[in-house]
Structure formats: structure tokens, C-alpha cells
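Note: the block below is target_10.cif and it holds mmCIF, C-alpha atoms.
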data_start
#
loop_
_atom_site.group_PDB
_atom_site.id
_atom_site.type_symbol
_atom_site.label_atom_id
_atom_site.label_comp_id
_atom_site.auth_asym_id
_atom_site.auth_seq_id
_atom_site.Cartn_x
_atom_site.Cartn_y
_atom_site.Cartn_z
ATOM 1 C CA VAL A 1 13.948 4.171 8.977
ATOM 2 C CA GLY A 2 12.167 3.294 5.747
ATOM 3 C CA PHE A 3 9.103 5.214 4.657
ATOM 4 C CA LYS A 4 6.368 3.891 2.429
ATOM 5 C CA LEU A 5 2.795 4.204 1.286
ATOM 6 C CA VAL A 6 0.631 1.106 1.558
ATOM 7 C CA ILE A 7 -2.492 0.851 -0.556
ATOM 8 C CA ALA A 8 -4.962 -1.887 0.354
ATOM 9 C CA VAL A 9 -7.360 -2.945 -2.409
ATOM 10 C CA ARG A 10 -10.541 -4.977 -2.112
ATOM 11 C CA THR A 11 -10.372 -8.142 -4.186
ATOM 12 C CA ASP A 12 -14.067 -8.974 -3.806
ATOM 13 C CA LEU A 13 -15.255 -6.351 -6.304
ATOM 14 C CA GLY A 14 -13.956 -8.050 -9.453
ATOM 15 C CA MET A 15 -12.319 -4.868 -10.753
ATOM 16 C CA SER A 16 -10.348 -5.004 -14.002
ATOM 17 C CA VAL A 17 -6.607 -4.281 -13.996
ATOM 18 C CA GLY A 18 -7.181 -0.789 -15.389
ATOM 19 C CA LYS A 19 -9.870 -0.018 -12.838
ATOM 20 C CA THR A 20 -7.710 -1.330 -10.015
ATOM 21 C CA ALA A 21 -4.773 0.786 -11.167
ATOM 22 C CA ALA A 22 -6.939 3.915 -11.383
ATOM 23 C CA GLN A 23 -8.330 3.386 -7.868
ATOM 24 C CA VAL A 24 -4.883 2.793 -6.401
ATOM 25 C CA ALA A 25 -3.602 5.907 -8.166
ATOM 26 C CA HIS A 26 -6.522 7.867 -6.754
ATOM 27 C CA ALA A 27 -5.650 6.760 -3.221
ATOM 28 C CA ALA A 28 -1.968 7.587 -3.746
ATOM 29 C CA VAL A 29 -2.715 11.084 -5.044
ATOM 30 C CA MET A 30 -5.091 11.763 -2.136
ATOM 31 C CA ALA A 31 -2.493 10.532 0.353
ATOM 32 C CA THR A 32 0.099 12.821 -1.242
ATOM 33 C CA LEU A 33 -2.172 15.855 -1.083
ATOM 34 C CA LEU A 34 -3.190 15.106 2.517
ATOM 35 C CA ALA A 35 0.471 14.884 3.523
ATOM 36 C CA LEU A 36 1.680 18.027 1.703
ATOM 37 C CA GLY A 37 4.045 19.990 3.915
ATOM 38 C CA THR A 38 4.685 17.167 6.391
ATOM 39 C CA PRO A 39 8.054 15.555 7.154
ATOM 40 C CA ASP A 40 6.476 12.171 6.341
ATOM 41 C CA LEU A 41 5.836 13.213 2.759
ATOM 42 C CA GLU A 42 9.271 14.728 2.374
ATOM 43 C CA GLU A 43 11.011 11.646 3.726
ATOM 44 C CA TRP A 44 8.936 9.326 1.580
ATOM 45 C CA LEU A 45 9.681 11.320 -1.579
ATOM 46 C CA LEU A 46 13.392 11.465 -0.733
ATOM 47 C CA GLN A 47 13.429 7.701 -0.361
ATOM 48 C CA GLY A 48 11.864 7.183 -3.797
ATOM 49 C CA GLN A 49 8.174 7.087 -2.780
ATOM 50 C CA THR A 50 7.938 3.339 -2.221
ATOM 51 C CA LYS A 51 4.426 2.003 -2.741
ATOM 52 C CA VAL A 52 3.205 -1.375 -1.614
ATOM 53 C CA VAL A 53 -0.106 -2.618 -2.969
ATOM 54 C CA VAL A 54 -1.791 -5.226 -0.797
ATOM 55 C CA ARG A 55 -5.120 -7.009 -0.815
ATOM 56 C CA VAL A 56 -8.102 -7.159 1.533
ATOM 57 C CA PRO A 57 -10.892 -9.668 0.941
ATOM 58 C CA SER A 58 -13.851 -7.501 1.995
ATOM 59 C CA LEU A 59 -15.235 -4.105 2.918
ATOM 60 C CA GLU A 60 -15.298 -5.194 6.551
ATOM 61 C CA GLU A 61 -11.573 -5.928 6.519
ATOM 62 C CA LEU A 62 -10.819 -2.615 4.781
ATOM 63 C CA ARG A 63 -12.797 -0.670 7.385
ATOM 64 C CA GLN A 64 -11.134 -2.563 10.195
ATOM 65 C CA ARG A 65 -7.718 -1.511 8.889
ATOM 66 C CA VAL A 66 -8.829 2.102 8.571
ATOM 67 C CA ALA A 67 -9.998 2.032 12.203
ATOM 68 C CA ARG A 68 -6.668 0.510 13.254
ATOM 69 C CA ALA A 69 -4.736 3.207 11.362
ATOM 70 C CA ARG A 70 -6.688 6.003 12.988
ATOM 71 C CA GLN A 71 -6.062 4.562 16.424
ATOM 72 C CA ALA A 72 -2.348 4.379 15.583
ATOM 73 C CA GLY A 73 -2.265 7.937 14.216
ATOM 74 C CA VAL A 74 -1.498 6.793 10.681
ATOM 75 C CA ARG A 75 -2.972 8.969 7.933
ATOM 76 C CA THR A 76 -5.595 7.284 5.732
ATOM 77 C CA ALA A 77 -6.933 8.160 2.285
ATOM 78 C CA PRO A 78 -9.972 6.009 1.565
ATOM 79 C CA VAL A 79 -11.365 5.964 -1.964
ATOM 80 C CA ALA A 80 -15.091 5.867 -2.699
ATOM 81 C CA ASP A 81 -15.598 5.310 -6.410
ATOM 82 C CA ALA A 82 -17.596 7.857 -8.397
ATOM 83 C CA GLY A 83 -19.395 4.943 -10.033
ATOM 84 C CA HIS A 84 -19.104 6.032 -13.652
ATOM 85 C CA THR A 85 -17.941 2.650 -14.917
ATOM 86 C CA GLU A 86 -17.538 -0.695 -13.174
ATOM 87 C CA LEU A 87 -18.736 0.017 -9.621
ATOM 88 C CA GLU A 88 -21.816 1.379 -7.892
ATOM 89 C CA PRO A 89 -21.427 5.046 -6.838
ATOM 90 C CA GLY A 90 -19.853 5.323 -3.394
ATOM 91 C CA THR A 91 -18.270 1.872 -3.381
ATOM 92 C CA GLU A 92 -15.265 1.885 -1.057
ATOM 93 C CA SER A 93 -12.667 0.205 -3.244
ATOM 94 C CA CYS A 94 -9.320 0.832 -1.569
ATOM 95 C CA CYS A 95 -7.454 2.933 0.958
ATOM 96 C CA ALA A 96 -3.962 4.384 1.230
ATOM 97 C CA PHE A 97 -2.128 4.243 4.567
ATOM 98 C CA GLY A 98 0.693 6.747 5.086
ATOM 99 C CA PRO A 99 3.133 7.826 3.831
ATOM 100 C CA ALA A 100 4.608 6.699 7.140
ATOM 101 C CA SER A 101 7.493 4.751 8.576
ATOM 102 C CA ASP A 102 7.678 0.972 8.237
ATOM 103 C CA VAL A 103 7.419 0.799 12.018
ATOM 104 C CA ALA A 104 4.196 2.797 12.156
ATOM 105 C CA LEU A 105 2.632 0.822 9.297
ATOM 106 C CA GLU A 106 3.610 -2.661 10.455
ATOM 107 C CA PRO A 107 0.778 -3.164 12.994
ATOM 108 C CA VAL A 108 -1.765 -1.647 10.583
ATOM 109 C CA THR A 109 -1.096 -3.472 7.304
ATOM 110 C CA GLY A 110 2.006 -5.600 7.884
ATOM 111 C CA ASP A 111 0.183 -8.920 7.644
ATOM 112 C CA LEU A 112 -1.720 -8.211 4.427
ATOM 113 C CA PRO A 113 -0.581 -10.166 1.339
ATOM 114 C CA LEU A 114 0.660 -8.399 -1.775
ATOM 115 C CA LEU A 115 -1.874 -7.917 -4.551
ATOM 116 C CA VAL B 1 -14.190 21.569 -20.533
ATOM 117 C CA GLY B 2 -13.351 18.255 -18.899
ATOM 118 C CA PHE B 3 -9.972 17.731 -17.271
ATOM 119 C CA LYS B 4 -8.263 14.405 -16.805
ATOM 120 C CA LEU B 5 -5.041 12.554 -16.238
ATOM 121 C CA VAL B 6 -4.187 9.824 -18.719
ATOM 122 C CA ILE B 7 -1.713 7.138 -17.702
ATOM 123 C CA ALA B 8 -0.347 4.932 -20.482
ATOM 124 C CA VAL B 9 1.058 1.570 -19.386
ATOM 125 C CA ARG B 10 3.255 -0.806 -21.345
ATOM 126 C CA THR B 11 1.620 -4.209 -21.746
ATOM 127 C CA ASP B 12 4.752 -5.923 -23.085
ATOM 128 C CA LEU B 13 6.466 -6.161 -19.678
ATOM 129 C CA GLY B 14 4.195 -8.806 -18.177
ATOM 130 C CA MET B 15 3.696 -6.866 -14.938
ATOM 131 C CA SER B 16 1.385 -8.270 -12.268
ATOM 132 C CA VAL B 17 -1.763 -6.381 -11.281
ATOM 133 C CA GLY B 18 -0.129 -5.104 -8.098
ATOM 134 C CA LYS B 19 2.992 -3.976 -9.933
ATOM 135 C CA THR B 20 0.913 -2.274 -12.613
ATOM 136 C CA ALA B 21 -1.152 -0.460 -9.977
ATOM 137 C CA ALA B 22 1.976 0.713 -8.137
ATOM 138 C CA GLN B 23 3.549 2.044 -11.350
ATOM 139 C CA VAL B 24 0.372 3.864 -12.361
ATOM 140 C CA ALA B 25 0.124 5.339 -8.862
ATOM 141 C CA HIS B 26 3.732 6.469 -9.106
ATOM 142 C CA ALA B 27 3.016 8.274 -12.382
ATOM 143 C CA ALA B 28 -0.119 9.889 -10.939
ATOM 144 C CA VAL B 29 1.692 11.156 -7.840
ATOM 145 C CA MET B 30 4.529 12.557 -9.964
ATOM 146 C CA ALA B 31 2.033 14.271 -12.271
ATOM 147 C CA THR B 32 0.294 15.783 -9.245
ATOM 148 C CA LEU B 33 3.541 17.094 -7.761
ATOM 149 C CA LEU B 34 4.692 18.472 -11.130
ATOM 150 C CA ALA B 35 1.409 20.340 -11.510
ATOM 151 C CA LEU B 36 1.210 21.769 -7.970
ATOM 152 C CA GLY B 37 0.088 25.384 -8.077
ATOM 153 C CA THR B 38 -1.190 25.270 -11.650
ATOM 154 C CA PRO B 39 -4.782 25.930 -12.774
ATOM 155 C CA ASP B 40 -4.728 22.539 -14.530
ATOM 156 C CA LEU B 41 -4.256 20.727 -11.224
ATOM 157 C CA GLU B 42 -6.883 22.808 -9.485
ATOM 158 C CA GLU B 43 -9.442 22.239 -12.233
ATOM 159 C CA TRP B 44 -8.700 18.506 -12.355
ATOM 160 C CA LEU B 45 -9.098 18.135 -8.580
ATOM 161 C CA LEU B 46 -12.309 20.164 -8.606
ATOM 162 C CA GLN B 47 -13.708 17.858 -11.275
ATOM 163 C CA GLY B 48 -12.948 14.752 -9.206
ATOM 164 C CA GLN B 49 -9.468 13.953 -10.559
ATOM 165 C CA THR B 50 -10.567 11.680 -13.384
ATOM 166 C CA LYS B 51 -7.930 9.124 -14.330
ATOM 167 C CA VAL B 52 -7.917 7.097 -17.506
ATOM 168 C CA VAL B 53 -5.542 4.149 -17.729
ATOM 169 C CA VAL B 54 -4.672 3.117 -21.271
ATOM 170 C CA ARG B 55 -2.289 0.655 -22.867
ATOM 171 C CA VAL B 56 0.716 0.931 -25.157
ATOM 172 C CA PRO B 57 2.246 -2.203 -26.693
ATOM 173 C CA SER B 58 5.909 -1.179 -26.537
ATOM 174 C CA LEU B 59 8.598 1.199 -25.301
ATOM 175 C CA GLU B 60 8.757 2.734 -28.751
ATOM 176 C CA GLU B 61 5.067 3.602 -28.661
ATOM 177 C CA LEU B 62 5.371 5.041 -25.143
ATOM 178 C CA ARG B 63 8.266 7.266 -26.182
ATOM 179 C CA GLN B 64 6.434 8.391 -29.285
ATOM 180 C CA ARG B 65 3.506 9.546 -27.131
ATOM 181 C CA VAL B 66 5.840 11.378 -24.762
ATOM 182 C CA ALA B 67 7.386 13.193 -27.738
ATOM 183 C CA ARG B 68 3.936 14.063 -29.021
ATOM 184 C CA ALA B 69 2.907 15.427 -25.615
ATOM 185 C CA ARG B 70 5.974 17.609 -25.366
ATOM 186 C CA GLN B 71 5.326 19.049 -28.801
ATOM 187 C CA ALA B 72 1.751 19.789 -27.754
ATOM 188 C CA GLY B 73 2.815 21.381 -24.459
ATOM 189 C CA VAL B 74 1.185 18.650 -22.360
ATOM 190 C CA ARG B 75 2.964 17.827 -19.098
ATOM 191 C CA THR B 76 4.422 14.315 -18.867
ATOM 192 C CA ALA B 77 5.495 12.232 -15.866
ATOM 193 C CA PRO B 78 7.360 9.175 -17.123
ATOM 194 C CA VAL B 79 8.119 6.387 -14.663
ATOM 195 C CA ALA B 80 11.405 4.463 -14.689
ATOM 196 C CA ASP B 81 11.146 1.540 -12.304
ATOM 197 C CA ALA B 82 13.651 1.268 -9.448
ATOM 198 C CA GLY B 83 13.962 -2.416 -10.314
ATOM 199 C CA HIS B 84 13.601 -3.857 -6.808
ATOM 200 C CA THR B 85 11.104 -6.512 -7.822
ATOM 201 C CA GLU B 86 9.721 -7.529 -11.200
ATOM 202 C CA LEU B 87 11.582 -5.245 -13.623
ATOM 203 C CA GLU B 88 15.161 -4.392 -14.525
ATOM 204 C CA PRO B 89 16.325 -1.087 -12.967
ATOM 205 C CA GLY B 90 15.469 1.860 -15.180
ATOM 206 C CA THR B 91 12.731 0.120 -17.139
ATOM 207 C CA GLU B 92 10.297 2.739 -18.484
ATOM 208 C CA SER B 93 6.989 1.188 -17.502
ATOM 209 C CA CYS B 94 4.399 3.921 -17.913
ATOM 210 C CA CYS B 95 3.822 7.642 -18.246
ATOM 211 C CA ALA B 96 1.206 10.101 -17.038
ATOM 212 C CA PHE B 97 -0.056 12.814 -19.412
ATOM 213 C CA GLY B 98 -1.629 15.907 -17.820
ATOM 214 C CA PRO B 99 -3.640 16.757 -15.835
ATOM 215 C CA ALA B 100 -4.948 18.626 -18.870
ATOM 216 C CA SER B 101 -8.124 19.301 -20.783
ATOM 217 C CA ASP B 102 -9.755 16.582 -22.897
ATOM 218 C CA VAL B 103 -9.047 18.761 -25.914
ATOM 219 C CA ALA B 104 -5.322 18.988 -25.208
ATOM 220 C CA LEU B 105 -5.024 15.278 -24.509
ATOM 221 C CA GLU B 106 -7.061 14.014 -27.461
ATOM 222 C CA PRO B 107 -4.287 14.219 -30.104
ATOM 223 C CA VAL B 108 -1.746 12.764 -27.672
ATOM 224 C CA THR B 109 -3.513 9.710 -26.226
ATOM 225 C CA GLY B 110 -7.071 9.791 -27.585
ATOM 226 C CA ASP B 111 -6.670 6.697 -29.756
ATOM 227 C CA LEU B 112 -5.117 4.428 -27.120
ATOM 228 C CA PRO B 113 -7.320 1.575 -25.853
ATOM 229 C CA LEU B 114 -8.248 1.264 -22.170
ATOM 230 C CA LEU B 115 -6.132 -1.104 -20.101
#
How does the structure come out when it is put into C-alpha cells?
Amino acid sequence: VGFKLVIAVRTDLGMSVGKTAAQVAHAAVMATLLALGTPDLEEWLLQGQTKVVVRVPSLEELRQRVARARQAGVRTAPVADAGHTELEPGTESCCAFGPASDVALEPVTGDLPLL
Amino acid sequence: VGFKLVIAVRTDLGMSVGKTAAQVAHAAVMATLLALGTPDLEEWLLQGQTKVVVRVPSLEELRQRVARARQAGVRTAPVADAGHTELEPGTESCCAFGPASDVALEPVTGDLPLL
């Protein structure tokens, strides 16, 4: 079974490449810390910590995926920006799902296009 | 004293936004794992895990910064891409420096422009 971390990013905020990268990194670090000590994290690291960055068109879609993940028992790490630079404070910019198995993630984020 | 994580990304590889974000996230996760249990990590997390994404124009420049960091005793987490998608296997795409204090990072990456 393959393990991965999926990070879904809002494309409606007009973030720069650097800002996008920082937000995705934030989500990935949070997901790692939240999963410390779990078999999911260990398996994901052993497999080379695959990351898949996908896009969502809106806050509504992002929240819908978070709700779906929680129902499915998939760990989420949502990022609310501190608002120092490009975004308003508290803007929900992206969310990490997992690390988890491909099978667990498929119904949560499987249909989202790559960023 | 402010603490941060600086991630320097090569701009000469023509990576997509999604690829760039995944590589930066990879570096940030590695940096976090390498710093587990250190006061630097704790301080950085307490301060909101500030990340600064900057650009380097070439592999040579990236390696020069890594050398500089090692001389200065700043932790590095270089990323060599697995090569499944856009890059050749083993391509050094980016590197995280820290988490460390602003003061420690300044001579290493302070002059690099934001991505």
C-alpha cells in the first residue's frame, strides 16, 4: 500500500509562488508533527514522504474536503495564514490530508487536479 | 530574537508551482525532523514557525550557501528529487536552512531575494 500526504491549496487567493510554497510547507510540517509516533508517519517516511499538491477553487470546497476527511478518519492539518504579507489574518489557504494510505485518501481528495 | 526557517529554491530548473511547493514542503519537513528535540525547533514553533522562501539562480549558488551554513553551524536539509515527475533523479532542487535565529541565518541567506 502506498502512503502519501496530499496538500490542497486554494487557487482563488492569487498567492505568489513563494507564498504558495510557504503555505504548503506549513501544512506539511503541521501534518508531520500531528502524526509523530504513528505508524502512518513511519510508513510515509519509509516510502520517501510522497507529497501531492492539488488545487481547490474556493474556501467552500476546501472546507468540504476537510469535513469529508474527518468523517473518513483521515488526519487534517488546515493552515490559517498569520496575515503578515499577502493575505488577511486568518485566511484559510490550504490543508494537508494524511499522511495516509492511497486507499484512505482516494475518496477525500482523489478527484482534485494537480496544482 | 526571531526564529525562522529559510528555504532556498533553484529557479533554473523551470519547476511548476505545484512541484516547487512540494519540494519546499519536503525541505521543511526534513528540517523539522532533523531539529526534533532541539531548543531551536521549540522556539521556532512557539513563534509560529515562520518560513521564508528565497531564490537561488543555480546549483553552484545553492551549494555555496550550504557550505556557508555548515561553516556557521546552521542546520541544513537539502532536497534531492526522486525524479518521478518533472526532474531527473537526484536533482538538488532546494535546501532548508534552520530553524535558527535571524542572527545566525543572516550571513548565510540574508541577501537572497524572495521567491
- [ ] Could you please select, counting all atoms listed in the file, the residues of chain B within 6 Å of chain A and state them as an NGL selection string?
- [x] :B and (17-18 or 21 or 25 or 28-29 or 53 or 115)
Go ahead and write the selection's residues with C-alpha atoms as a PDB file, in the coordinates of the input.
ATOM      1  CA  VAL B  17      -1.763  -6.381 -11.281  1.00  0.00           C
ATOM      2  CA  GLY B  18      -0.129  -5.104  -8.098  1.00  0.00           C
ATOM      3  CA  ALA B  21      -1.152  -0.460  -9.977  1.00  0.00           C
ATOM      4  CA  ALA B  25       0.124   5.339  -8.862  1.00  0.00           C
ATOM      5  CA  ALA B  28      -0.119   9.889 -10.939  1.00  0.00           C
ATOM      6  CA  VAL B  29       1.692  11.156  -7.840  1.00  0.00           C
ATOM      7  CA  VAL B  53      -5.542   4.149 -17.729  1.00  0.00           C
ATOM      8  CA  LEU B 115      -6.132  -1.104 -20.101  1.00  0.00           C
TER       9      LEU B 115
END
Can you superpose chain B onto chain A by least squares over all C-alpha atoms paired in order and give the moved copy as a CSV table (one decimal) with C-alpha atoms, in the coordinates of the input?
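Result written to superposed-v7.csv:
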chain,number,residue,atom,x,y,z
B,1,VAL,CA,13.9,4.2,9.0
B,2,GLY,CA,12.2,3.3,5.7
B,3,PHE,CA,9.1,5.2,4.7
B,4,LYS,CA,6.4,3.9,2.4
B,5,LEU,CA,2.8,4.2,1.3
B,6,VAL,CA,0.6,1.1,1.6
B,7,ILE,CA,-2.5,0.9,-0.6
B,8,ALA,CA,-5.0,-1.9,0.4
B,9,VAL,CA,-7.4,-2.9,-2.4
B,10,ARG,CA,-10.5,-5.0,-2.1
B,11,THR,CA,-10.4,-8.1,-4.2
B,12,ASP,CA,-14.1,-9.0,-3.8
B,13,LEU,CA,-15.3,-6.3,-6.3
B,14,GLY,CA,-13.9,-8.0,-9.4
B,15,MET,CA,-12.3,-4.9,-10.8
B,16,SER,CA,-10.3,-5.0,-14.0
B,17,VAL,CA,-6.6,-4.3,-14.0
B,18,GLY,CA,-7.2,-0.8,-15.4
B,19,LYS,CA,-9.9,0.0,-12.8
B,20,THR,CA,-7.7,-1.3,-10.0
B,21,ALA,CA,-4.8,0.8,-11.2
B,22,ALA,CA,-6.9,3.9,-11.4
B,23,GLN,CA,-8.3,3.4,-7.9
B,24,VAL,CA,-4.9,2.8,-6.4
B,25,ALA,CA,-3.6,5.9,-8.2
B,26,HIS,CA,-6.5,7.9,-6.8
B,27,ALA,CA,-5.6,6.8,-3.2
B,28,ALA,CA,-2.0,7.6,-3.7
B,29,VAL,CA,-2.7,11.1,-5.0
B,30,MET,CA,-5.1,11.8,-2.1
B,31,ALA,CA,-2.5,10.5,0.3
B,32,THR,CA,0.1,12.8,-1.2
B,33,LEU,CA,-2.2,15.9,-1.1
B,34,LEU,CA,-3.2,15.1,2.5
B,35,ALA,CA,0.5,14.9,3.5
B,36,LEU,CA,1.7,18.0,1.7
B,37,GLY,CA,4.1,20.0,3.9
B,38,THR,CA,4.7,17.2,6.4
B,39,PRO,CA,8.1,15.6,7.1
B,40,ASP,CA,6.5,12.2,6.3
B,41,LEU,CA,5.8,13.2,2.7
B,42,GLU,CA,9.3,14.7,2.4
B,43,GLU,CA,11.0,11.7,3.7
B,44,TRP,CA,8.9,9.3,1.6
B,45,LEU,CA,9.7,11.3,-1.6
B,46,LEU,CA,13.4,11.5,-0.7
B,47,GLN,CA,13.4,7.7,-0.4
B,48,GLY,CA,11.9,7.2,-3.8
B,49,GLN,CA,8.2,7.1,-2.8
B,50,THR,CA,7.9,3.3,-2.2
B,51,LYS,CA,4.4,2.0,-2.7
B,52,VAL,CA,3.2,-1.4,-1.6
B,53,VAL,CA,-0.1,-2.6,-3.0
B,54,VAL,CA,-1.8,-5.2,-0.8
B,55,ARG,CA,-5.1,-7.0,-0.8
B,56,VAL,CA,-8.1,-7.2,1.5
B,57,PRO,CA,-10.9,-9.7,0.9
B,58,SER,CA,-13.8,-7.5,2.0
B,59,LEU,CA,-15.2,-4.1,2.9
B,60,GLU,CA,-15.3,-5.2,6.5
B,61,GLU,CA,-11.6,-5.9,6.5
B,62,LEU,CA,-10.8,-2.6,4.8
B,63,ARG,CA,-12.8,-0.7,7.4
B,64,GLN,CA,-11.1,-2.6,10.2
B,65,ARG,CA,-7.7,-1.5,8.9
B,66,VAL,CA,-8.8,2.1,8.6
B,67,ALA,CA,-10.0,2.0,12.2
B,68,ARG,CA,-6.7,0.5,13.2
B,69,ALA,CA,-4.7,3.2,11.4
B,70,ARG,CA,-6.7,6.0,13.0
B,71,GLN,CA,-6.1,4.6,16.4
B,72,ALA,CA,-2.4,4.4,15.6
B,73,GLY,CA,-2.3,7.9,14.2
B,74,VAL,CA,-1.5,6.8,10.7
B,75,ARG,CA,-3.0,9.0,7.9
B,76,THR,CA,-5.6,7.3,5.7
B,77,ALA,CA,-6.9,8.2,2.3
B,78,PRO,CA,-10.0,6.0,1.6
B,79,VAL,CA,-11.4,6.0,-2.0
B,80,ALA,CA,-15.1,5.9,-2.7
B,81,ASP,CA,-15.6,5.3,-6.4
B,82,ALA,CA,-17.6,7.9,-8.4
B,83,GLY,CA,-19.4,4.9,-10.0
B,84,HIS,CA,-19.1,6.0,-13.7
B,85,THR,CA,-18.0,2.7,-14.9
B,86,GLU,CA,-17.5,-0.7,-13.2
B,87,LEU,CA,-18.7,0.0,-9.6
B,88,GLU,CA,-21.8,1.4,-7.9
B,89,PRO,CA,-21.4,5.0,-6.8
B,90,GLY,CA,-19.9,5.3,-3.4
B,91,THR,CA,-18.3,1.9,-3.4
B,92,GLU,CA,-15.3,1.9,-1.1
B,93,SER,CA,-12.7,0.2,-3.2
B,94,CYS,CA,-9.3,0.8,-1.6
B,95,CYS,CA,-7.5,2.9,1.0
B,96,ALA,CA,-4.0,4.4,1.2
B,97,PHE,CA,-2.1,4.2,4.6
B,98,GLY,CA,0.7,6.8,5.1
B,99,PRO,CA,3.1,7.8,3.8
B,100,ALA,CA,4.6,6.7,7.1
B,101,SER,CA,7.5,4.8,8.6
B,102,ASP,CA,7.7,1.0,8.2
B,103,VAL,CA,7.4,0.8,12.0
B,104,ALA,CA,4.2,2.8,12.1
B,105,LEU,CA,2.6,0.8,9.3
B,106,GLU,CA,3.6,-2.7,10.5
B,107,PRO,CA,0.8,-3.2,13.0
B,108,VAL,CA,-1.8,-1.6,10.6
B,109,THR,CA,-1.1,-3.5,7.3
B,110,GLY,CA,2.0,-5.6,7.9
B,111,ASP,CA,0.2,-8.9,7.6
B,112,LEU,CA,-1.7,-8.2,4.4
B,113,PRO,CA,-0.6,-10.2,1.3
B,114,LEU,CA,0.7,-8.4,-1.8
B,115,LEU,CA,-1.9,-7.9,-4.6
Task: Proximity to Trp44 (chain A) - best of A:Thr85, A:Asp111, A:Lys4, A:Ala104, only C-alpha atoms - done: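 The answer is A:Lys4, which sits nearest to Trp44 (chain A).
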- [ ] List the residues matched by the PyMOL selection byres ((chain A and resi 59) around 9) in the displayed structure as a ChimeraX atom specification, ordered by chain and then by residue number.
- [x] /A:10,12,56-58,60-64,92-94
Would you save the residues from that selection as a tab-separated table (two decimals), in the frame of the given file, using C-alpha atoms?
chain	number	residue	atom	x	y	z
A	10	ARG	CA	-10.54	-4.98	-2.11
A	12	ASP	CA	-14.07	-8.97	-3.81
A	56	VAL	CA	-8.10	-7.16	1.53
A	57	PRO	CA	-10.89	-9.67	0.94
A	58	SER	CA	-13.85	-7.50	2.00
A	60	GLU	CA	-15.30	-5.19	6.55
A	61	GLU	CA	-11.57	-5.93	6.52
A	62	LEU	CA	-10.82	-2.62	4.78
A	63	ARG	CA	-12.80	-0.67	7.38
A	64	GLN	CA	-11.13	-2.56	10.20
A	92	GLU	CA	-15.26	1.88	-1.06
A	93	SER	CA	-12.67	0.20	-3.24
A	94	CYS	CA	-9.32	0.83	-1.57
- [ ] Scan for residues within 12 Å of the point (2.6, 18.4, -25.8) in the coordinates of the file, using all atoms listed in the file, and reply as a ChimeraX atom specification.
- [x] /B:64-76,97-101,103-109
Dump C-alpha atoms for the selected residues as a PDB file, keeping the file's coordinate frame?
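Okay, selection-v7.pdb is ready:
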ATOM      1  CA  GLN B  64       6.434   8.391 -29.285  1.00  0.00           C
ATOM      2  CA  ARG B  65       3.506   9.546 -27.131  1.00  0.00           C
ATOM      3  CA  VAL B  66       5.840  11.378 -24.762  1.00  0.00           C
ATOM      4  CA  ALA B  67       7.386  13.193 -27.738  1.00  0.00           C
ATOM      5  CA  ARG B  68       3.936  14.063 -29.021  1.00  0.00           C
ATOM      6  CA  ALA B  69       2.907  15.427 -25.615  1.00  0.00           C
ATOM      7  CA  ARG B  70       5.974  17.609 -25.366  1.00  0.00           C
ATOM      8  CA  GLN B  71       5.326  19.049 -28.801  1.00  0.00           C
ATOM      9  CA  ALA B  72       1.751  19.789 -27.754  1.00  0.00           C
ATOM     10  CA  GLY B  73       2.815  21.381 -24.459  1.00  0.00           C
ATOM     11  CA  VAL B  74       1.185  18.650 -22.360  1.00  0.00           C
ATOM     12  CA  ARG B  75       2.964  17.827 -19.098  1.00  0.00           C
ATOM     13  CA  THR B  76       4.422  14.315 -18.867  1.00  0.00           C
ATOM     14  CA  PHE B  97      -0.056  12.814 -19.412  1.00  0.00           C
ATOM     15  CA  GLY B  98      -1.629  15.907 -17.820  1.00  0.00           C
ATOM     16  CA  PRO B  99      -3.640  16.757 -15.835  1.00  0.00           C
ATOM     17  CA  ALA B 100      -4.948  18.626 -18.870  1.00  0.00           C
ATOM     18  CA  SER B 101      -8.124  19.301 -20.783  1.00  0.00           C
ATOM     19  CA  VAL B 103      -9.047  18.761 -25.914  1.00  0.00           C
ATOM     20  CA  ALA B 104      -5.322  18.988 -25.208  1.00  0.00           C
ATOM     21  CA  LEU B 105      -5.024  15.278 -24.509  1.00  0.00           C
ATOM     22  CA  GLU B 106      -7.061  14.014 -27.461  1.00  0.00           C
ATOM     23  CA  PRO B 107      -4.287  14.219 -30.104  1.00  0.00           C
ATOM     24  CA  VAL B 108      -1.746  12.764 -27.672  1.00  0.00           C
ATOM     25  CA  THR B 109      -3.513   9.710 -26.226  1.00  0.00           C
TER      26      THR B 109
END
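The smallest atom-to-atom distance between Glu43 (chain B) and any of B:Val79, B:Cys95, B:Val1, B:Met15, using only C-alpha atoms, is found for B:Val1.
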Task: Atom-to-atom span, CA of Phe3 (chain A) and CA of Pro113 (chain A), Å - done: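 That distance, rounded to one decimal, is 18.5 Å.
Between CA of Leu5 (chain B) and CA of Asp40 (chain B) there is a distance of 10.1 Å.
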What are the centre and edge lengths in Å, to one decimal, of the axis-aligned box around all listed atoms of region 96-100 of chain A with 6 Å added on each side, as AutoDock Vina command-line options?
--center_x 0.3 --center_y 6.0 --center_z 4.2 --size_x 20.6 --size_y 15.6 --size_z 17.9
Task: Å distance separating CA of Leu13 (chain A) from CA of Ala96 (chain A), one decimal place - done: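 Going from CA of Leu13 (chain A) over to CA of Ala96 (chain A) covers 17.3 Å.
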- [ ] Counting all atoms listed in the file, figure out which residue out of A:Ala35, A:Gly90, A:Ala77, A:Leu46 gets nearest to Ala8 (chain A).
- [x]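 Closest to Ala8 (chain A), using all atoms listed in the file: A:Ala77.
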